[in-house]
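Chemist: The following block contains the structure, expressed as structure tokens.
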Amino acid sequence: MSDRDEIYMRRCFELARKGLGFTHTNPLVGCVIVHQNRIIGEGYHHEFGGPHAEVNAIRSVKDPSLLAESTLYCSLEPCAHHGKTPPCSMLITQKGIGRVVISNLDPFPSVNGAGVRQMEAAGIHIESGCLEGEGFYTNRRFFLYLKQKRPYVILKWAQTADGFMDLEREPGDPVGPNWIAGELSRTLVHKWRSEEAAIMVGTNTVITDNPHLNVRRWTGDDPVRVTIDRNGRISKSANILNGKQETIVFTGEKGYYTGRTRRIQVDPSYGLSDLLEELYEQHIISVLVEGGARLLESFLKEGLWDEARVFTGNMFFSQGVRAPTILKTPDDSIHIGDTGLDLYLNEQNLIYK
Ligand SMILES: NC(=O)c1ccc[n+]([C@@H]2O[C@H](COP(=O)([O-])OP(=O)(O)OC[C@H]3O[C@@H](n4cnc5c(N)ncnc54)[C@H](OP(=O)(O)O)[C@@H]3O)[C@@H](O)[C@H]2O)c1
């Protein structure tokens, strides 16, 4: 594989990421078709159930007579099975494309190498493994969901310069004056909410902050709201129980919720791994955990996290709700306005095998 192959594959990743928030539980896939070092077609998987990236890329080619002399680059192995759409491996074969470059093989049981075998049998020259680490990172939610049978877990919180997440507050006390992260960071969080399948907070956060947990400062779908209410401490008038957005409450209490709120009955021994297993059963590919401290600490302690995004503002609280700590250096650090943002990856879970 050449440097040029890597350039075109990176374009596939760029295209694939445009589907973030719309394709779950399908993977993110980008595809580029190149004729004599010129891109003649591009496509990506836009939404769950919609045409695959390869179909969109082939459709975008103005002169199909060039396809036979072209290379098709795809961030994930073309499918070989009849799912919601016909197999892409068959389409590529029918179009007479001579060479196909792939980043990752599709871990989905009914594909997993079958797409490659079908195309090879038809005489297509296949090269796979191009930038496979970057391909895995692009599709980390999908890989983890299939392999570990749980959602990809992203922890997120905002802390002061001296490591507090909040002042000590009574339920209903306004959050406003205590905002730790700046306006831009808060907008970014709404973008993140639109990218994940679910959002989760602990019981105390629902009681103290009464959050809506929807997407307001960005365009996109609201995630499924998730919380735990083992002892029935959350008021039925809490915003999270307004029934307007799909919501799952893990609870030990009996009773009914209105609208789009569902209950999942749990007993006191119910742990976070049980909860994630249940979310997997509910086809939730990823969850953004937005606090509070105790819930985040439980995820960290049990190693049930894949990524953490931590905002650090420049104010000092001196006392209050202490933020969790992650015992490693950040994998990346940037500034969003005057707020710091550290990214941590749990490498143990993010190894491409
Ligand atoms: N700065 C930020 O980014 C941010 C974000 C969110 C919240 N906050 C602040 O954090 C504070 C609330 O945090 P918190 O630490 O007190 O509470 P929390 O993490 O929101 O909720 C903890 C409660 O959730 C329940 N729970 C059930 N399963 C659990 C598990 N496996 N691990 C941990 N908890 C579990 C427990 O209640 P039961 O015993 O009833 O089961 C537990 O007491 C508020 O002041 C809020 O404003 C700050």
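Ordered as shown in the structure tokens, chains take letters A, B, and onward, while each chain numbers its residues from 1 and ligands are numbered from 1 in the order shown.
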Give me, as a Markdown table, the closest atom pair and its distance (Å, one decimal) for every residue of chain A within a cut-off of 8 Å of ligand 1, counting only C-alpha atoms and all ligand atoms, rows sorted by chain and rising number.

Modeler:
```
| residue | atom | partner | partner_atom_place_in_ligand_line | distance |
| --- | --- | --- | --- | --- |
| A:Lys156 | CA | ligand 1 | 3 (O) | 6.7 |
| A:Trp157 | CA | ligand 1 | 3 (O) | 3.5 |
| A:Ala158 | CA | ligand 1 | 3 (O) | 3.8 |
| A:Gln159 | CA | ligand 1 | 1 (N) | 5.5 |
| A:Phe164 | CA | ligand 1 | 1 (N) | 7.4 |
| A:Met165 | CA | ligand 1 | 1 (N) | 3.8 |
| A:Asp166 | CA | ligand 1 | 45 (O) | 5.1 |
| A:Leu167 | CA | ligand 1 | 45 (O) | 6.6 |
| A:Glu168 | CA | ligand 1 | 45 (O) | 6.2 |
| A:Arg169 | CA | ligand 1 | 45 (O) | 6.1 |
| A:Val175 | CA | ligand 1 | 47 (O) | 7.0 |
| A:Trp179 | CA | ligand 1 | 1 (N) | 7.8 |
| A:Ile180 | CA | ligand 1 | 1 (N) | 6.7 |
| A:Val201 | CA | ligand 1 | 20 (O) | 5.8 |
| A:Gly202 | CA | ligand 1 | 20 (O) | 3.5 |
| A:Thr203 | CA | ligand 1 | 24 (O) | 4.1 |
| A:Asn204 | CA | ligand 1 | 20 (O) | 3.9 |
| A:Thr205 | CA | ligand 1 | 20 (O) | 3.7 |
| A:Val206 | CA | ligand 1 | 20 (O) | 6.7 |
| A:Thr208 | CA | ligand 1 | 44 (C) | 5.6 |
| A:Asp209 | CA | ligand 1 | 47 (O) | 5.4 |
| A:Ile228 | CA | ligand 1 | 27 (C) | 5.4 |
| A:Asp229 | CA | ligand 1 | 41 (O) | 5.9 |
| A:Arg230 | CA | ligand 1 | 41 (O) | 4.6 |
| A:Asn231 | CA | ligand 1 | 40 (O) | 5.0 |
| A:Gly232 | CA | ligand 1 | 40 (O) | 7.3 |
| A:Arg233 | CA | ligand 1 | 40 (O) | 6.4 |
| A:Gly271 | CA | ligand 1 | 31 (N) | 5.8 |
| A:Leu272 | CA | ligand 1 | 31 (N) | 5.4 |
| A:Glu290 | CA | ligand 1 | 5 (C) | 5.4 |
| A:Gly291 | CA | ligand 1 | 6 (C) | 3.7 |
| A:Gly292 | CA | ligand 1 | 19 (O) | 3.4 |
| A:Ala293 | CA | ligand 1 | 15 (O) | 3.6 |
| A:Arg294 | CA | ligand 1 | 15 (O) | 3.7 |
| A:Leu295 | CA | ligand 1 | 33 (C) | 3.6 |
| A:Leu296 | CA | ligand 1 | 19 (O) | 6.4 |
| A:Glu297 | CA | ligand 1 | 33 (C) | 7.1 |
| A:Ser298 | CA | ligand 1 | 32 (N) | 4.7 |
| A:Phe299 | CA | ligand 1 | 32 (N) | 7.3 |
| A:Phe311 | CA | ligand 1 | 3 (O) | 7.9 |
| A:Val321 | CA | ligand 1 | 11 (C) | 6.2 |
| A:Ala323 | CA | ligand 1 | 1 (N) | 7.7 |
```

Chemist: Could those residues be written to a file, using C-alpha atoms, as a CSV table (one decimal), in the first residue's frame?

Modeler:
```csv
chain,number,residue,atom,x,y,z
A,156,LYS,CA,-17.8,13.7,30.9
A,157,TRP,CA,-17.6,16.3,33.7
A,158,ALA,CA,-16.6,19.9,34.4
A,159,GLN,CA,-14.4,20.7,37.3
A,164,PHE,CA,-14.7,20.5,42.4
A,165,MET,CA,-17.7,19.7,40.3
A,166,ASP,CA,-20.2,21.8,42.3
A,167,LEU,CA,-20.7,23.7,45.5
A,168,GLU,CA,-22.8,22.0,48.1
A,169,ARG,CA,-26.4,22.8,47.0
A,175,VAL,CA,-27.0,26.0,38.9
A,179,TRP,CA,-21.3,27.2,35.7
A,180,ILE,CA,-17.8,25.9,35.5
A,201,VAL,CA,-26.8,10.8,35.1
A,202,GLY,CA,-27.0,9.6,38.7
A,203,THR,CA,-30.0,10.0,41.1
A,204,ASN,CA,-28.6,12.9,43.0
A,205,THR,CA,-27.9,14.9,39.8
A,206,VAL,CA,-31.5,14.5,38.7
A,208,THR,CA,-30.2,18.6,42.5
A,209,ASP,CA,-30.1,19.9,38.9
A,228,ILE,CA,-31.1,5.0,38.2
A,229,ASP,CA,-33.6,5.5,40.9
A,230,ARG,CA,-33.2,2.4,43.1
A,231,ASN,CA,-35.0,3.9,46.1
A,232,GLY,CA,-37.7,6.0,44.3
A,233,ARG,CA,-36.1,9.3,45.4
A,271,GLY,CA,-24.5,-3.3,39.2
A,272,LEU,CA,-23.3,-1.1,36.4
A,290,GLU,CA,-22.6,13.4,32.5
A,291,GLY,CA,-22.2,12.9,36.3
A,292,GLY,CA,-22.5,13.3,39.1
A,293,ALA,CA,-19.3,12.4,41.0
A,294,ARG,CA,-20.4,9.2,42.6
A,295,LEU,CA,-21.8,7.7,39.4
A,296,LEU,CA,-18.6,8.7,37.5
A,297,GLU,CA,-16.4,7.2,40.2
A,298,SER,CA,-18.3,3.9,40.0
A,299,PHE,CA,-17.7,3.7,36.3
A,311,PHE,CA,-13.4,20.4,31.3
A,321,VAL,CA,-18.6,18.0,45.4
A,323,ALA,CA,-14.5,15.7,41.1
```

Chemist: At a cut-off of 12 Å, using only C-alpha atoms, what residues contact segment 103-105 of chain A? Leave out same-chain residues fewer than 5 positions from it and give the result as a ChimeraX atom specification.

Modeler: /A:1,5-6,8-13,27-31,72-80,110-117,126-140,142-143,352-353

Chemist: Taking only C-alpha atoms into account, which of A:Cys88, A:Leu184, A:Ile351, A:Val100 comes nearest Val34 of chain A?

Modeler: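 Of all the options, A:Val100 lies closest to Val34 of chain A.
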
Chemist: One number please: atom CA of Leu213 of chain A to atom CA of Val289 of chain A, in Å, one decimal.

Modeler: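 Atom CA of Leu213 of chain A sits 10.7 Å away from atom CA of Val289 of chain A.
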
Chemist: Go ahead and compute the interatomic distance for atom CA of Glu278 of chain A and atom CA of Tyr256 of chain A, in Å to one decimal.

Modeler: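 We find that atom CA of Glu278 of chain A and atom CA of Tyr256 of chain A lie 19.6 Å from each other.
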
Chemist: Going by DSSP on the backbone, which residues of segment 8-102 of chain A come out as strand (DSSP E or B)? List them as a list in words.

Modeler: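 The strand (DSSP E or B) subset of segment 8-102 of chain A is Gly30, Cys31, Val32, Ile33, Val34, His35, Arg38, Ile39, Ile40, Gly41, Glu42, Gly43, Tyr44, Thr71, Leu72, Tyr73, Cys74, Ser75, Leu76, Arg99, Val100, Val101 and Ile102 of chain A.
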
Chemist: I need the residue nearest Thr339 of chain A from this list: A:Glu196, A:Glu246, A:Glu253, A:Glu183. Use only C-alpha atoms for the distance.

Modeler: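 Ranked by minimum distance to Thr339 of chain A, first place goes to A:Glu183.
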